[in-house]
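A.B. asks: One structure, pasted below without further comment.
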Amino acid sequence: MENELYKEHILNHYRNPRNKYALTGAGVVGKEINALCGDEIILYAHADEDGVVTTMSFTGEGCAISQAAASLFTEYAKGKRIKELQEMTHADVERLLGISLSTVRARCALLPVKALGNRISK
Amino acid sequence: MKKDIKNDFPIFKAQSDERPFVFLDSAAVSQMPQTVIDAVSEFYSTYKANVHSGIYGIGMRAVEAYEGARNAVAEFLSADSNEIIFTSGTTASLNMAARMLESRITAGDEIMVSTMEHHSNFIPWQELAKRTNAIFIMLPLEKDGTLSLNTVRAMAGPRTKIIAITHVSHATGAVNDVREICRMAHGVGALCVVDAAQSAPHMPIDVRDIDCDFLAFSGQKVLGPTGTGVLYGKEKHLCELTPVIFGGGMIRHVSAEDSTWADAPQKFEAGTPHAAGAIGLGAALSYIEGIGRKEIMAHERNLARMARRALMNMPGIHLYGPGNEKETSGIVSFTVEGAHPHDVAEILSRENIAVRAGHHCALPLMNHFGISGTIRASFYLYNTEEDVERLVAGVQKAGDMFQV
Ligand SMILES: Cc1ncc(COP(=O)(O)O)c(C=O)c1O
C-alpha cells in the first residue's frame with residue numbers, strides 16, 4: 001500500500017466528488033459527525049426489498065479524506081447490501097481508497113460508513 | 001532567548017528525523033525540560049508517598065515537596081499559598097469554580113461569558129445557569145474576533161453575578177484586558193473568573209493587580225506534566241465557599257450527624273492528589289522564571305509576527321484574530337483556501353511539523369467567523385525563526401497541492 005495520502009485520485013474525488021447531492025425521496029438517510037473536527041456527512045440511499053443499494057448520494061463538507069471516501073463509497077455501494085456496507089472496517093476503507101490510514105485519519109474515511117450505520121429508514 | 005534551548009527538551013532529539021522536529025502546538029500541550037522530567041522521576045523513584053499520611057521519612061519529604069510546589073505557584077501568580085488549589089487542569093478548575101459558586105446564584109441572575117471562550121470556560125457556566133435558572137449571556141465579539149470593553153460595559157448590569165472570561169484566546173491569540181473587565185464586574189457587584197490557560201505560560205500574572213476572584217490554568221501548557229492544574233481563589237471566597245468534592249484529607253471533624261471542613265485550600269483537595277504532577281509543575285515554573293516571562297513573551301510575539309507577515313503575503317491564506325500585533329500573543333490562526341485544515345496539518349506533519357487543526361474547542365468563535373476550523377500555530381520559548389521558515393514553506397507546499 002502506498003504511503004502517499006494525497007494521491008491524484010484522492011484529490012480528484014475531493015475536488016470533483018461523485019454523487020454529491022441530496023437524493024430526493026431517499027428511503028434511507030443517515031448522518032455522522034466527526035467529533036474531532038465537526039465535519040458532517042449525510043448519506044442518502046435507495047435500496048430494493050432485499051436491502052441492496054440501487055442509488056447512493058451524500059452531502060456535507062469535510063477534509064480531502066472524508067470527501068474522497070464518501071465519493072468513492074457512494075460509487076462502490078451500488079449493488080451491495082446495506083448490511084455489508086455498514087460493516088466496513090478500517091482495512092476495508094483503506095482498500096477502497098487505495099491508501100493506508102492512521103487511526104486518526106481512518107475516522108475521516110469511516111465517516112460515510114458510520115453515517116450509513118446511523119440511518120433511519122423512511 | 002538562549003541559543004541552544006531545544007537541548008533542554010528531550011522531545012526534540014527523540015522526534016527529529018533528518019529534519020529537526022518543529023513543534024507548534026504548545027497552546028495545547030507544551031514540552032517538558034529535562035529538569036521537570038527529573039523532578040517527577042525523582043519523586044517516583046526516591047520518595048513516592050501519600051501527602052496525607054506520612055509520619056515517616058519519605059512521607060514528610062513528599063509533603064514538603066508538594067507544599068513547596070504550592071508556594072511556587074503562589075509566587076508565580078503573586079498570590080498567597082492558601083489561595084492555590086491543585087486540580088487536574090483548567091477544565092477541572094473551572095468546573096469546580098462553577099460548582100463552588102452555585103450557592104451564590106439565584107433564578108434570574110446573569111452569568112456572562114464571551115463568544116471566544118474555550119468550551120471549558122463556556123459549558124460549565126451554561127450548565128450552572130441551567131441548574132439555577134439563571135440567564136446565560138454570551139458577550140458578542142467584533143468582526144476580528146476581539147472583545148470590546150464597551151460591549152462588557154454595556155451588557156454588565158445589576159443582575160450580573162459572574163463574568164467568566166479568557167485572558168488570551170487559544171484560537172486567535174487575542175488578549176483581553178482582564179484587569180479592566182474585573183473592575184467592571186466589581187462595579188456591578190459581580191465576580192470575575194479568569195481563564196489563564198493561555199496567558200500563564202507566556203506573560204507575567206499578578207492576581208492582586210488583575211483583582212480577579214478566581215483564575216485557572218493548566219500544568220501541561222506551562223512546561224509541566226499532563227493532568228495538573230491550578231485554581232486560584234481570593235482568600236475571602238475560599239474561606240466562605242463550601243467544598244464540592246468530599247472525601248479524605250479535607251475534613252476537620254466527621255460524625256454521624258454532620259461533618260466539618262479543613263481550612264482552604266485543603267478543604268478543596270479531597271482525596272490523594274497528583275503529587276508527582278504538582279511537584280513537576282513547581283519545577284516547570286522555576287524553569288520559566290529562570291528565563292523570565294517578559295523575555296518569553298517578546299520572543300514569541302516576534303516569531304508570531306514573522307509568521308503572520310509571511311503568511312499574509314501568500315495567496316489564498318486567511319488570517320484570523322486581531323490585526324494589531326500588540327494585542328496578540330504567540331498564536332497564529334489561519335486557513336488555506338480550498339484545503340481543509342486537517343489536510344494542511346497532515347501535509348505539515350509529513351514535513352515533521354506539528355500544528356493543531358480544527359475548531360479548537362471553540363465552536364461559538366468558529367460560528368462567529370463562519371468557518372468550521374482553522375490551522376493554529378502556537379509558539380513558545382523553544383521555537384526559533386527557522387521553525388517559522390519551515391512552517392511557511394510547509395504551508396506553501398499545502399497550498400500548491402490544493403492549487404490555491
Ligand atoms: C483557553 C483555554 N481554556 C481552557 C483549556 C482547557 O485546558 P485543559 O484541557 O488543560 O483542562 C484550554 C486548553 O486547551 C484553553 O486553551
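Residues in the C-alpha cells are numbered from 1 in each chain, the chains being A, B, ... in the order shown, and ligands are numbered from 1 in the order shown.
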List all protein, DNA and RNA residues that have at least one atom no more than 7 Å from any atom of ligand 1, counting only C-alpha atoms and all ligand atoms, and write them as a count of residues only.
C.D. replies: 20
A.B. asks: Once DSSP has gone over the backbone, tell me which residues of range 130-325 of chain B are in strand (DSSP E), as an NGL selection string.
C.D. replies: :B and (135-139 or 160-166 or 191-195 or 214-218 or 229-233 or 251-254 or 259-261 or 317-320)
A.B. asks: Considering only C-alpha atoms, give me a table of residues in chain B that are at most 10 Å from chain A, with the closest atom pair and distance in Å for each, as CSV.
C.D. replies:
```
residue,atom,partner,partner_atom,distance
B:Gly338,CA,A:Arg15,CA,8.9
B:Ala339,CA,A:Cys63,CA,7.4
B:His340,CA,A:Cys63,CA,4.8
B:Pro341,CA,A:Cys63,CA,7.5
B:His342,CA,A:Cys63,CA,6.4
B:Asp343,CA,A:Cys63,CA,6.2
B:Val344,CA,A:Cys63,CA,9.4
B:Glu346,CA,A:Leu5,CA,9.0
B:Ile347,CA,A:Tyr6,CA,8.9
B:Arg350,CA,A:Glu4,CA,9.8
B:Ala357,CA,A:Cys37,CA,8.0
B:Gly358,CA,A:Cys37,CA,5.1
B:His359,CA,A:Cys37,CA,6.2
B:His360,CA,A:Cys37,CA,8.5
B:Cys361,CA,A:Leu36,CA,9.1
B:Leu363,CA,A:Gly38,CA,9.0
B:Ser372,CA,A:Gly38,CA,7.1
B:Gly373,CA,A:Cys37,CA,7.5
B:Met401,CA,A:Tyr6,CA,8.5
B:Phe402,CA,A:Leu11,CA,8.0
```
A.B. asks: Closest to Asn118 in chain A among A:Ile10, A:Ala35, A:Leu43, A:Val53, using only C-alpha atoms?
C.D. replies: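 Using only C-alpha atoms, the shortest distance to Asn118 in chain A belongs to A:Leu43.
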A.B. asks: Distance CA of Arg293 in chain B-CA of Ala174 in chain B, one decimal place?
C.D. replies: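 Separating CA of Arg293 in chain B from CA of Ala174 in chain B is a distance of 17.7 Å.
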A.B. asks: Using DSSP secondary structure from the backbone, list all alpha helix (DSSP H) positions within range 29-79 of chain B, as a ChimeraX atom specification.
C.D. replies: /B:34-46,57-77
A.B. asks: Would you put the residues from that selection into a file with C-alpha atoms, as a CSV table (one decimal), in the first residue's frame?
C.D. replies:
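result_4.csv was written with the following content:
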```csv
chain,number,residue,atom,x,y,z
B,34,GLN,CA,14.7,17.6,31.5
B,35,THR,CA,14.6,19.3,34.9
B,36,VAL,CA,10.8,18.8,35.1
B,37,ILE,CA,11.1,15.1,34.0
B,38,ASP,CA,13.8,14.7,36.6
B,39,ALA,CA,11.7,16.2,39.4
B,40,VAL,CA,8.8,13.9,38.6
B,41,SER,CA,11.1,10.9,38.2
B,42,GLU,CA,12.8,11.7,41.5
B,43,PHE,CA,9.5,11.6,43.3
B,44,TYR,CA,8.6,8.3,41.9
B,45,SER,CA,12.0,6.7,42.3
B,46,THR,CA,13.1,8.0,45.7
B,57,GLY,CA,10.7,9.9,56.3
B,58,ILE,CA,9.6,10.0,52.7
B,59,GLY,CA,6.0,10.9,53.6
B,60,MET,CA,7.3,14.1,55.2
B,61,ARG,CA,9.5,14.8,52.3
B,62,ALA,CA,6.6,14.3,49.9
B,63,VAL,CA,4.5,16.8,51.9
B,64,GLU,CA,7.4,19.3,51.8
B,65,ALA,CA,7.8,19.0,48.1
B,66,TYR,CA,4.1,19.2,47.4
B,67,GLU,CA,3.6,22.3,49.6
B,68,GLY,CA,6.8,23.7,48.1
B,69,ALA,CA,5.2,23.4,44.7
B,70,ARG,CA,2.1,25.3,46.0
B,71,ASN,CA,4.4,28.1,47.2
B,72,ALA,CA,6.0,28.2,43.8
B,73,VAL,CA,2.6,28.6,42.1
B,74,ALA,CA,1.6,31.3,44.6
B,75,GLU,CA,4.7,33.2,43.8
B,76,PHE,CA,4.2,32.7,40.1
B,77,LEU,CA,0.8,34.5,40.4
```
A.B. asks: Counting only C-alpha atoms, what is within 8 Å of Arg81 in chain A, bar same-chain residues fewer than 5 positions away, as a list in words?
C.D. replies: Asp50, Gly51, Val52 and Val53 of chain A
A.B. asks: Keeping only N, CA and C atoms, write the selected residues to a file as an mmCIF file, in the first residue's frame.
C.D. replies:
```cif
data_model
loop_
_atom_site.group_PDB
_atom_site.id
_atom_site.type_symbol
_atom_site.label_atom_id
_atom_site.label_comp_id
_atom_site.auth_asym_id
_atom_site.auth_seq_id
_atom_site.Cartn_x
_atom_site.Cartn_y
_atom_site.Cartn_z
ATOM 1 N N ASP A 50 -34.528 -6.364 -0.922
ATOM 2 C CA ASP A 50 -33.516 -7.230 -0.316
ATOM 3 C C ASP A 50 -32.429 -6.438 0.415
ATOM 4 N N GLY A 51 -32.604 -5.106 0.475
ATOM 5 C CA GLY A 51 -31.589 -4.293 1.146
ATOM 6 C C GLY A 51 -30.375 -4.050 0.278
ATOM 7 N N VAL A 52 -30.536 -4.183 -1.042
ATOM 8 C CA VAL A 52 -29.423 -3.924 -1.951
ATOM 9 C C VAL A 52 -29.535 -2.482 -2.467
ATOM 10 N N VAL A 53 -28.427 -1.754 -2.390
ATOM 11 C CA VAL A 53 -28.433 -0.337 -2.762
ATOM 12 C C VAL A 53 -28.566 -0.186 -4.276
#
```
A.B. asks: Report as a PDB file with C-alpha atoms, in the first residue's frame all protein, DNA and RNA residues lying within 9 Å of Glu40 in chain A, evaluated on only C-alpha atoms, omitting residues in the same chain fewer than 6 positions from it.
C.D. replies:
```pdb
ATOM      1  CA  LYS A  31     -25.793  11.264   9.379  1.00  0.00           C
ATOM      2  CA  GLU A  32     -22.471  11.223  11.227  1.00  0.00           C
ATOM      3  CA  ILE A  33     -20.348  13.958  12.737  1.00  0.00           C
ATOM      4  CA  ASN A  34     -16.618  13.608  13.352  1.00  0.00           C
ATOM      5  CA  THR A  59     -23.873  15.921   1.240  1.00  0.00           C
ATOM      6  CA  GLY A  60     -21.635  17.702   3.741  1.00  0.00           C
ATOM      7  CA  GLU A  61     -18.246  19.358   3.867  1.00  0.00           C
ATOM      8  CA  GLY A  62     -15.005  17.943   5.130  1.00  0.00           C
ATOM      9  CA  LEU A 111     -17.459   8.849   8.273  1.00  0.00           C
ATOM     10  CA  ALA A 115     -23.392   7.685   8.647  1.00  0.00           C
TER      11      ALA A 115
END
```
A.B. asks: Using only C-alpha atoms for the distances, tell me which of B:Ala377, B:Ala398, B:Ala107, B:Ala310 is nearest to Ala134 in chain B.
C.D. replies: B:Ala107
A.B. asks: Which neighbours of Ala45 in chain A fall inside 6 Å, counting only C-alpha atoms, when residues of the same chain fewer than 3 positions from it are skipped, and could you give them as a ChimeraX atom specification?
C.D. replies: /A:26,28,55-56
A.B. asks: Just want the 9 Å neighbourhood of range 224-230 of chain B, counted on only C-alpha atoms, with same-chain residues fewer than 2 positions away dropped. Output as a PyMOL selection string.
C.D. replies: chain B and resi 29-33+36-37+40+73+84-93+215-222+232+274+276-278+280-285
A.B. asks: For the selection you just gave me, I'd like the residues written to a file as a short mmCIF file (atom, residue, chain, number, x, y, z; two decimals), in the first residue's frame, keeping N, CA, C and O atoms.
C.D. replies:
```cif
data_model
loop_
_atom_site.label_atom_id
_atom_site.label_comp_id
_atom_site.auth_asym_id
_atom_site.auth_seq_id
_atom_site.Cartn_x
_atom_site.Cartn_y
_atom_site.Cartn_z
N VAL B 29 -0.44 21.45 24.40
CA VAL B 29 0.45 20.81 25.37
C VAL B 29 1.86 21.29 25.08
O VAL B 29 2.33 21.17 23.95
N SER B 30 2.52 21.83 26.09
CA SER B 30 3.91 22.25 25.88
C SER B 30 4.83 21.09 26.23
O SER B 30 4.43 20.14 26.90
N GLN B 31 6.05 21.16 25.79
CA GLN B 31 7.01 20.09 26.07
C GLN B 31 7.70 20.33 27.42
O GLN B 31 7.66 21.43 27.95
N MET B 32 8.32 19.30 27.96
CA MET B 32 8.92 19.42 29.29
C MET B 32 10.43 19.42 29.22
O MET B 32 11.03 18.56 28.56
N PRO B 33 11.08 20.36 29.93
CA PRO B 33 12.54 20.31 30.01
C PRO B 33 12.96 19.13 30.89
O PRO B 33 12.18 18.64 31.70
N VAL B 36 12.19 19.11 34.64
CA VAL B 36 10.84 18.75 35.09
C VAL B 36 10.68 17.24 35.12
O VAL B 36 10.17 16.66 36.08
N ILE B 37 11.17 16.60 34.05
CA ILE B 37 11.10 15.13 33.99
C ILE B 37 11.86 14.53 35.18
O ILE B 37 11.40 13.60 35.83
N VAL B 40 9.87 14.87 38.50
CA VAL B 40 8.80 13.87 38.58
C VAL B 40 9.39 12.49 38.85
O VAL B 40 8.94 11.74 39.73
N VAL B 73 3.72 28.08 42.90
CA VAL B 73 2.58 28.56 42.12
C VAL B 73 2.11 29.91 42.66
O VAL B 73 1.84 30.85 41.90
N ILE B 84 -4.19 28.75 46.64
CA ILE B 84 -3.85 27.89 45.49
C ILE B 84 -4.41 26.48 45.70
O ILE B 84 -4.02 25.77 46.64
N ILE B 85 -5.31 26.08 44.82
CA ILE B 85 -5.86 24.71 44.85
C ILE B 85 -5.28 23.96 43.67
O ILE B 85 -5.36 24.44 42.53
N PHE B 86 -4.71 22.77 43.92
CA PHE B 86 -4.24 21.93 42.82
C PHE B 86 -5.40 21.14 42.25
O PHE B 86 -6.23 20.60 43.00
N THR B 87 -5.48 21.10 40.92
CA THR B 87 -6.54 20.36 40.23
C THR B 87 -5.89 19.53 39.13
O THR B 87 -4.66 19.49 39.04
N SER B 88 -6.72 18.95 38.28
CA SER B 88 -6.15 18.17 37.18
C SER B 88 -6.03 18.98 35.90
O SER B 88 -5.66 18.46 34.86
N GLY B 89 -6.38 20.26 35.94
CA GLY B 89 -6.25 21.09 34.74
C GLY B 89 -7.23 22.25 34.76
O GLY B 89 -8.05 22.37 35.68
N THR B 90 -7.16 23.09 33.75
CA THR B 90 -8.05 24.24 33.67
C THR B 90 -9.51 23.81 33.67
O THR B 90 -10.36 24.42 34.32
N THR B 91 -9.81 22.75 32.93
CA THR B 91 -11.19 22.28 32.84
C THR B 91 -11.72 21.92 34.22
O THR B 91 -12.83 22.34 34.61
N ALA B 92 -10.94 21.16 34.96
CA ALA B 92 -11.35 20.77 36.31
C ALA B 92 -11.49 22.02 37.19
O ALA B 92 -12.45 22.14 37.97
N SER B 93 -10.56 22.96 37.05
CA SER B 93 -10.60 24.18 37.87
C SER B 93 -11.87 24.98 37.62
O SER B 93 -12.53 25.44 38.56
N LEU B 215 -8.97 32.32 39.18
CA LEU B 215 -8.15 32.24 37.97
C LEU B 215 -7.68 30.79 37.83
O LEU B 215 -7.34 30.14 38.81
N ALA B 216 -7.70 30.31 36.58
CA ALA B 216 -7.36 28.90 36.34
C ALA B 216 -6.29 28.77 35.27
O ALA B 216 -6.25 29.57 34.34
N PHE B 217 -5.41 27.78 35.45
CA PHE B 217 -4.50 27.44 34.35
C PHE B 217 -4.11 25.97 34.42
O PHE B 217 -4.41 25.28 35.41
N SER B 218 -3.47 25.48 33.36
CA SER B 218 -3.12 24.07 33.25
C SER B 218 -1.62 23.86 33.33
O SER B 218 -0.86 24.63 32.73
N GLY B 219 -1.21 22.78 34.00
CA GLY B 219 0.21 22.47 34.11
C GLY B 219 0.86 22.11 32.79
O GLY B 219 1.98 22.50 32.50
N GLN B 220 0.13 21.36 31.96
CA GLN B 220 0.77 20.85 30.74
C GLN B 220 1.06 21.96 29.73
O GLN B 220 1.81 21.75 28.79
N LYS B 221 0.48 23.13 29.93
CA LYS B 221 0.76 24.24 29.00
C LYS B 221 1.88 25.14 29.50
O LYS B 221 2.31 26.05 28.81
N VAL B 222 2.33 24.93 30.74
CA VAL B 222 3.45 25.73 31.29
C VAL B 222 4.68 24.85 31.51
O VAL B 222 5.36 24.98 32.52
N TYR B 232 -6.83 29.32 41.35
CA TYR B 232 -6.59 30.36 42.36
C TYR B 232 -7.95 30.94 42.76
O TYR B 232 -8.82 31.14 41.90
N HIS B 274 -2.43 14.49 42.85
CA HIS B 274 -1.38 14.10 41.89
C HIS B 274 -0.10 14.82 42.32
O HIS B 274 0.30 15.81 41.72
N ALA B 276 3.09 13.97 42.27
CA ALA B 276 4.21 14.00 41.31
C ALA B 276 3.99 15.11 40.29
O ALA B 276 4.92 15.83 39.91
N GLY B 277 2.73 15.24 39.86
CA GLY B 277 2.39 16.27 38.88
C GLY B 277 2.60 17.67 39.44
O GLY B 277 3.18 18.54 38.79
N ALA B 278 2.13 17.87 40.67
CA ALA B 278 2.29 19.19 41.30
C ALA B 278 3.77 19.52 41.46
O ALA B 278 4.19 20.66 41.20
N GLY B 280 6.22 18.38 39.64
CA GLY B 280 6.72 18.68 38.29
C GLY B 280 6.31 20.08 37.86
O GLY B 280 7.09 20.82 37.25
N LEU B 281 5.08 20.45 38.20
CA LEU B 281 4.60 21.80 37.86
C LEU B 281 5.45 22.86 38.55
O LEU B 281 5.83 23.87 37.94
N GLY B 282 5.77 22.62 39.82
CA GLY B 282 6.63 23.56 40.54
C GLY B 282 7.97 23.71 39.85
O GLY B 282 8.48 24.82 39.67
N ALA B 283 8.53 22.59 39.40
CA ALA B 283 9.83 22.63 38.71
C ALA B 283 9.71 23.37 37.38
O ALA B 283 10.62 24.11 36.98
N ALA B 284 8.57 23.19 36.72
CA ALA B 284 8.35 23.88 35.43
C ALA B 284 8.31 25.39 35.63
O ALA B 284 8.91 26.15 34.86
N LEU B 285 7.60 25.82 36.69
CA LEU B 285 7.51 27.27 36.93
C LEU B 285 8.88 27.84 37.24
O LEU B 285 9.20 28.96 36.81
#
```
A.B. asks: What's the 9 Å shell around Ala106 in chain A, counting only C-alpha atoms, without same-chain residues fewer than 6 positions away, as a ChimeraX atom specification?
C.D. replies: /A:65-66,90,93-94,100
A.B. asks: Hey, can you spit out that residue selection with N, CA, C and O atoms as a PDB file, in the first residue's frame?
C.D. replies:
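Generated output (part.pdb):
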```pdb
ATOM      1  N   ILE A  65      -9.870  13.551   2.793  1.00  0.00           N
ATOM      2  CA  ILE A  65     -10.043  12.120   3.040  1.00  0.00           C
ATOM      3  C   ILE A  65     -11.527  11.757   3.199  1.00  0.00           C
ATOM      4  O   ILE A  65     -12.017  10.809   2.590  1.00  0.00           O
ATOM      5  N   SER A  66     -12.252  12.537   4.002  1.00  0.00           N
ATOM      6  CA  SER A  66     -13.658  12.176   4.215  1.00  0.00           C
ATOM      7  C   SER A  66     -14.484  12.418   2.953  1.00  0.00           C
ATOM      8  O   SER A  66     -15.379  11.634   2.622  1.00  0.00           O
ATOM      9  N   HIS A  90     -11.716  -0.406   9.033  1.00  0.00           N
ATOM     10  CA  HIS A  90     -10.526   0.396   8.731  1.00  0.00           C
ATOM     11  C   HIS A  90      -9.800  -0.185   7.495  1.00  0.00           C
ATOM     12  O   HIS A  90      -9.514   0.530   6.535  1.00  0.00           O
ATOM     13  N   VAL A  93     -11.820   0.306   4.185  1.00  0.00           N
ATOM     14  CA  VAL A  93     -11.783   1.648   3.582  1.00  0.00           C
ATOM     15  C   VAL A  93     -10.387   1.980   3.055  1.00  0.00           C
ATOM     16  O   VAL A  93     -10.259   2.718   2.080  1.00  0.00           O
ATOM     17  N   GLU A  94      -9.372   1.395   3.676  1.00  0.00           N
ATOM     18  CA  GLU A  94      -8.028   1.572   3.116  1.00  0.00           C
ATOM     19  C   GLU A  94      -7.979   0.992   1.702  1.00  0.00           C
ATOM     20  O   GLU A  94      -7.427   1.583   0.790  1.00  0.00           O
ATOM     21  N   SER A 100      -2.972   3.919   2.824  1.00  0.00           N
ATOM     22  CA  SER A 100      -3.018   3.471   4.213  1.00  0.00           C
ATOM     23  C   SER A 100      -3.331   4.669   5.101  1.00  0.00           C
ATOM     24  O   SER A 100      -2.953   5.797   4.816  1.00  0.00           O
TER      25      SER A 100
END
```
A.B. asks: For CA of Ala69 in chain A and CA of Ala362 in chain B, quote the distance in Å rounded to one decimal.
C.D. replies: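 These two atoms are separated by 26.9 Å.
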A.B. asks: What is the CA of Asn82 in chain B-CA of Ala264 in chain B distance in Å, reported with one decimal?
C.D. replies: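 For CA of Asn82 in chain B relative to CA of Ala264 in chain B, the distance reads 6.1 Å.
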